[in-house]
Amino acid sequence: MDQFASVLSREDHLILLDCHSLEATYVPANFEGHKLVLLNTKVSHSLAASEYNTRRKECEEVINYIQKRYTEVNSLRDVDLQRLQEFKNELSEVLYKRARFIISENNRVLKAVEALKSDDLDHLGLLMYASHKGLRDNYEVSCKELD
């Protein structure tokens, strides 16, 4: 995704990247009167040594399990929270939390696009806080420095 951002960036816009089709949609980003703060926690990590591969495998386990009943499911993007709920008692708590985070995060991204389009930066901020909370509590990839 970093490469997409480097090559496709457009001033005063954010990129909504569809990772299935690789279609990029530009979303106007008017932060006038607000500041977007990016933090460098100075905590070093690498994707290979991080929990990224573990989380990916956990999500793939959920997809494989759901596919046994719903063959049209190819990714968690194809699952909504209601469908995931059907499997809550069949999945481990960890797998359920991982999948719930991904599905919720996908929904949050779409809500963030709508918030940006309607210049509702207060709502966008709440969505970003919810995203961090999900990363911390359900996906378990945050760190105390960022929290």
# chains A, B, ... in the order shown; residues from 1 in each chain; ligands from 1
$ select_by_dssp --residues "segment 14-97 of chain A" --states "strand (DSSP E or B)" --output "list in words"
Leu14, Ile15, Leu16, Leu17, Ala24, Thr25, Tyr26, Val27 and Pro28 of chain A
$ write_last_selection --atoms "N, CA and C atoms" --output "PDB file, in the first residue's frame"
ATOM      1  N   LEU A  14      -7.317  11.780  -0.191  1.00  0.00           N
ATOM      2  CA  LEU A  14      -6.904  10.488   0.343  1.00  0.00           C
ATOM      3  C   LEU A  14      -7.260   9.443  -0.700  1.00  0.00           C
ATOM      4  N   ILE A  15      -6.621   8.295  -0.619  1.00  0.00           N
ATOM      5  CA  ILE A  15      -6.864   7.225  -1.583  1.00  0.00           C
ATOM      6  C   ILE A  15      -7.647   6.111  -0.904  1.00  0.00           C
ATOM      7  N   LEU A  16      -8.786   5.765  -1.477  1.00  0.00           N
ATOM      8  CA  LEU A  16      -9.522   4.580  -1.071  1.00  0.00           C
ATOM      9  C   LEU A  16      -9.100   3.483  -2.045  1.00  0.00           C
ATOM     10  N   LEU A  17      -8.326   2.539  -1.549  1.00  0.00           N
ATOM     11  CA  LEU A  17      -7.781   1.479  -2.396  1.00  0.00           C
ATOM     12  C   LEU A  17      -8.587   0.204  -2.220  1.00  0.00           C
ATOM     13  N   ALA A  24      -8.253   2.558  -7.412  1.00  0.00           N
ATOM     14  CA  ALA A  24      -8.035   3.651  -6.460  1.00  0.00           C
ATOM     15  C   ALA A  24      -9.068   4.740  -6.710  1.00  0.00           C
ATOM     16  N   THR A  25      -9.730   5.148  -5.638  1.00  0.00           N
ATOM     17  CA  THR A  25     -10.699   6.233  -5.701  1.00  0.00           C
ATOM     18  C   THR A  25     -10.180   7.371  -4.841  1.00  0.00           C
ATOM     19  N   TYR A  26     -10.242   8.577  -5.369  1.00  0.00           N
ATOM     20  CA  TYR A  26      -9.757   9.737  -4.623  1.00  0.00           C
ATOM     21  C   TYR A  26     -10.885  10.346  -3.808  1.00  0.00           C
ATOM     22  N   VAL A  27     -10.591  10.582  -2.543  1.00  0.00           N
ATOM     23  CA  VAL A  27     -11.561  11.154  -1.611  1.00  0.00           C
ATOM     24  C   VAL A  27     -11.042  12.520  -1.188  1.00  0.00           C
ATOM     25  N   PRO A  28     -11.791  13.588  -1.444  1.00  0.00           N
ATOM     26  CA  PRO A  28     -11.340  14.918  -1.031  1.00  0.00           C
ATOM     27  C   PRO A  28     -11.100  14.952   0.478  1.00  0.00           C
TER      28      PRO A  28
END
$ residues_around --residues "segment 67-69 of chain A" --least-positions-apart "2" --cutoff "12 Å" --atoms "only C-alpha atoms" --output "ChimeraX atom specification"
/A:60-65,71-76,78-79,83-84,86-87
$ residues_around --residues "Cys143 of chain A" --least-positions-apart "4" --cutoff "10 Å" --atoms "only C-alpha atoms" --output "JSON, numbers by chain"
{"A": [41, 43, 135, 136, 147]}
$ write_last_selection --atoms "all heavy atoms" --output "short mmCIF file (atom, residue, chain, number, x, y, z; two decimals), in the first residue's frame"
data_model
loop_
_atom_site.label_atom_id
_atom_site.label_comp_id
_atom_site.auth_asym_id
_atom_site.auth_seq_id
_atom_site.Cartn_x
_atom_site.Cartn_y
_atom_site.Cartn_z
N THR A 41 6.36 6.48 17.40
CA THR A 41 6.60 5.96 18.74
C THR A 41 8.06 5.58 18.95
O THR A 41 8.47 5.31 20.08
CB THR A 41 5.74 4.72 19.00
OG1 THR A 41 6.12 3.70 18.08
CG2 THR A 41 4.25 5.05 18.88
N VAL A 43 9.26 2.90 18.24
CA VAL A 43 9.30 1.47 18.50
C VAL A 43 9.58 0.80 17.17
O VAL A 43 8.81 0.96 16.22
CB VAL A 43 7.96 0.97 19.09
CG1 VAL A 43 7.96 -0.55 19.20
CG2 VAL A 43 7.70 1.62 20.43
N LEU A 135 -7.53 -2.09 17.02
CA LEU A 135 -6.17 -2.61 16.84
C LEU A 135 -5.57 -3.05 18.16
O LEU A 135 -4.89 -4.07 18.24
CB LEU A 135 -5.28 -1.54 16.20
CG LEU A 135 -5.46 -1.31 14.71
CD1 LEU A 135 -4.79 -0.02 14.28
CD2 LEU A 135 -4.89 -2.49 13.93
N ARG A 136 -5.83 -2.27 19.20
CA ARG A 136 -5.28 -2.58 20.52
C ARG A 136 -5.97 -3.78 21.16
O ARG A 136 -5.32 -4.70 21.63
CB ARG A 136 -5.43 -1.34 21.43
CG ARG A 136 -4.84 -1.52 22.83
CD ARG A 136 -5.24 -0.38 23.73
NE ARG A 136 -6.69 -0.44 23.94
CZ ARG A 136 -7.44 0.64 24.14
NH1 ARG A 136 -6.92 1.85 24.16
NH2 ARG A 136 -8.75 0.51 24.32
N ASP A 147 -0.47 3.68 22.75
CA ASP A 147 -1.68 3.72 23.56
C ASP A 147 -1.66 4.94 24.48
O ASP A 147 -2.65 5.59 24.71
CB ASP A 147 -1.84 2.47 24.40
CG ASP A 147 -2.05 1.22 23.55
OD1 ASP A 147 -2.39 1.35 22.36
OD2 ASP A 147 -1.85 0.12 24.09
#
$ closest_residue --among "A:Ser6, A:Asn40, A:Asn30, A:Ser21" --to "Leu124 of chain A" --atoms "only C-alpha atoms"
A:Asn30
$ residues_around --residues "Leu121 of chain A" --least-positions-apart "4" --cutoff "9 Å" --atoms "only C-alpha atoms" --output "list in words"
Asn30, Phe31, His34, Ala112, Ala115, Leu116, Gly125 and Leu126 of chain A
$ select_by_dssp --residues "chain A" --states "alpha helix (DSSP H)" --output "PyMOL selection string"
chain A and resi 2-8+52-67+81-85+93-117+121-137
$ write_last_selection --atoms "C-alpha atoms" --output "PDB file, in the first residue's frame"
ATOM      1  CA  ASP A   2       2.923   2.323   0.598  1.00  0.00           C
ATOM      2  CA  GLN A   3       3.849   1.979  -3.071  1.00  0.00           C
ATOM      3  CA  PHE A   4       0.312   2.907  -4.136  1.00  0.00           C
ATOM      4  CA  ALA A   5       0.408   5.990  -1.937  1.00  0.00           C
ATOM      5  CA  SER A   6       3.831   6.984  -3.277  1.00  0.00           C
ATOM      6  CA  VAL A   7       2.810   6.667  -6.903  1.00  0.00           C
ATOM      7  CA  LEU A   8      -0.870   7.631  -6.868  1.00  0.00           C
ATOM      8  CA  TYR A  52       1.485  -9.525  11.002  1.00  0.00           C
ATOM      9  CA  ASN A  53       1.975 -13.052   9.657  1.00  0.00           C
ATOM     10  CA  THR A  54       0.245 -14.570  12.683  1.00  0.00           C
ATOM     11  CA  ARG A  55      -2.756 -12.260  12.289  1.00  0.00           C
ATOM     12  CA  ARG A  56      -2.963 -13.018   8.585  1.00  0.00           C
ATOM     13  CA  LYS A  57      -2.973 -16.766   9.277  1.00  0.00           C
ATOM     14  CA  GLU A  58      -5.620 -16.343  11.964  1.00  0.00           C
ATOM     15  CA  CYS A  59      -7.867 -14.481   9.527  1.00  0.00           C
ATOM     16  CA  GLU A  60      -7.270 -17.118   6.851  1.00  0.00           C
ATOM     17  CA  GLU A  61      -8.364 -19.780   9.365  1.00  0.00           C
ATOM     18  CA  VAL A  62     -11.642 -17.926   9.846  1.00  0.00           C
ATOM     19  CA  ILE A  63     -12.163 -17.627   6.084  1.00  0.00           C
ATOM     20  CA  ASN A  64     -11.481 -21.355   5.584  1.00  0.00           C
ATOM     21  CA  TYR A  65     -13.957 -22.216   8.329  1.00  0.00           C
ATOM     22  CA  ILE A  66     -16.697 -19.963   6.949  1.00  0.00           C
ATOM     23  CA  GLN A  67     -16.106 -21.254   3.395  1.00  0.00           C
ATOM     24  CA  LEU A  81     -20.861  -8.944  11.263  1.00  0.00           C
ATOM     25  CA  GLN A  82     -24.201 -10.745  11.191  1.00  0.00           C
ATOM     26  CA  ARG A  83     -22.734 -13.679   9.261  1.00  0.00           C
ATOM     27  CA  LEU A  84     -19.680 -13.768  11.531  1.00  0.00           C
ATOM     28  CA  GLN A  85     -22.030 -13.946  14.532  1.00  0.00           C
ATOM     29  CA  GLU A  93     -12.370 -16.269  21.050  1.00  0.00           C
ATOM     30  CA  VAL A  94      -9.108 -15.106  19.454  1.00  0.00           C
ATOM     31  CA  LEU A  95     -10.169 -15.984  15.904  1.00  0.00           C
ATOM     32  CA  TYR A  96     -13.549 -14.352  16.422  1.00  0.00           C
ATOM     33  CA  LYS A  97     -11.917 -11.147  17.727  1.00  0.00           C
ATOM     34  CA  ARG A  98      -9.500 -11.001  14.778  1.00  0.00           C
ATOM     35  CA  ALA A  99     -12.275 -11.416  12.222  1.00  0.00           C
ATOM     36  CA  ARG A 100     -14.583  -8.973  14.015  1.00  0.00           C
ATOM     37  CA  PHE A 101     -11.821  -6.361  13.935  1.00  0.00           C
ATOM     38  CA  ILE A 102     -11.199  -6.757  10.189  1.00  0.00           C
ATOM     39  CA  ILE A 103     -14.888  -6.651   9.302  1.00  0.00           C
ATOM     40  CA  SER A 104     -15.480  -3.671  11.601  1.00  0.00           C
ATOM     41  CA  GLU A 105     -12.430  -1.893  10.226  1.00  0.00           C
ATOM     42  CA  ASN A 106     -13.628  -2.361   6.648  1.00  0.00           C
ATOM     43  CA  ASN A 107     -16.958  -0.801   7.681  1.00  0.00           C
ATOM     44  CA  ARG A 108     -15.135   2.037   9.460  1.00  0.00           C
ATOM     45  CA  VAL A 109     -13.167   2.852   6.317  1.00  0.00           C
ATOM     46  CA  LEU A 110     -16.377   3.270   4.329  1.00  0.00           C
ATOM     47  CA  LYS A 111     -17.870   5.407   7.105  1.00  0.00           C
ATOM     48  CA  ALA A 112     -14.676   7.494   7.148  1.00  0.00           C
ATOM     49  CA  VAL A 113     -15.049   8.157   3.414  1.00  0.00           C
ATOM     50  CA  GLU A 114     -18.598   9.381   4.016  1.00  0.00           C
ATOM     51  CA  ALA A 115     -17.448  11.548   6.930  1.00  0.00           C
ATOM     52  CA  LEU A 116     -14.768  13.117   4.721  1.00  0.00           C
ATOM     53  CA  LYS A 117     -17.203  13.720   1.877  1.00  0.00           C
ATOM     54  CA  LEU A 121     -14.232  15.645  10.860  1.00  0.00           C
ATOM     55  CA  ASP A 122     -15.579  15.109  14.378  1.00  0.00           C
ATOM     56  CA  HIS A 123     -17.090  11.812  13.227  1.00  0.00           C
ATOM     57  CA  LEU A 124     -13.882  10.958  11.363  1.00  0.00           C
ATOM     58  CA  GLY A 125     -11.943  11.482  14.588  1.00  0.00           C
ATOM     59  CA  LEU A 126     -14.264   9.154  16.486  1.00  0.00           C
ATOM     60  CA  LEU A 127     -13.800   6.521  13.791  1.00  0.00           C
ATOM     61  CA  MET A 128     -10.025   6.834  14.065  1.00  0.00           C
ATOM     62  CA  TYR A 129     -10.177   6.396  17.844  1.00  0.00           C
ATOM     63  CA  ALA A 130     -12.381   3.323  17.354  1.00  0.00           C
ATOM     64  CA  SER A 131      -9.863   1.985  14.844  1.00  0.00           C
ATOM     65  CA  HIS A 132      -7.035   2.293  17.346  1.00  0.00           C
ATOM     66  CA  LYS A 133      -9.140   0.683  20.072  1.00  0.00           C
ATOM     67  CA  GLY A 134      -9.837  -2.255  17.751  1.00  0.00           C
ATOM     68  CA  LEU A 135      -6.171  -2.608  16.836  1.00  0.00           C
ATOM     69  CA  ARG A 136      -5.277  -2.576  20.523  1.00  0.00           C
ATOM     70  CA  ASP A 137      -8.057  -4.762  21.950  1.00  0.00           C
TER      71      ASP A 137
END
$ closest_residue --among "A:Asp80, A:Ser118, A:Glu90, A:Glu51" --to "Ser142 of chain A" --atoms "only C-alpha atoms"
A:Glu51
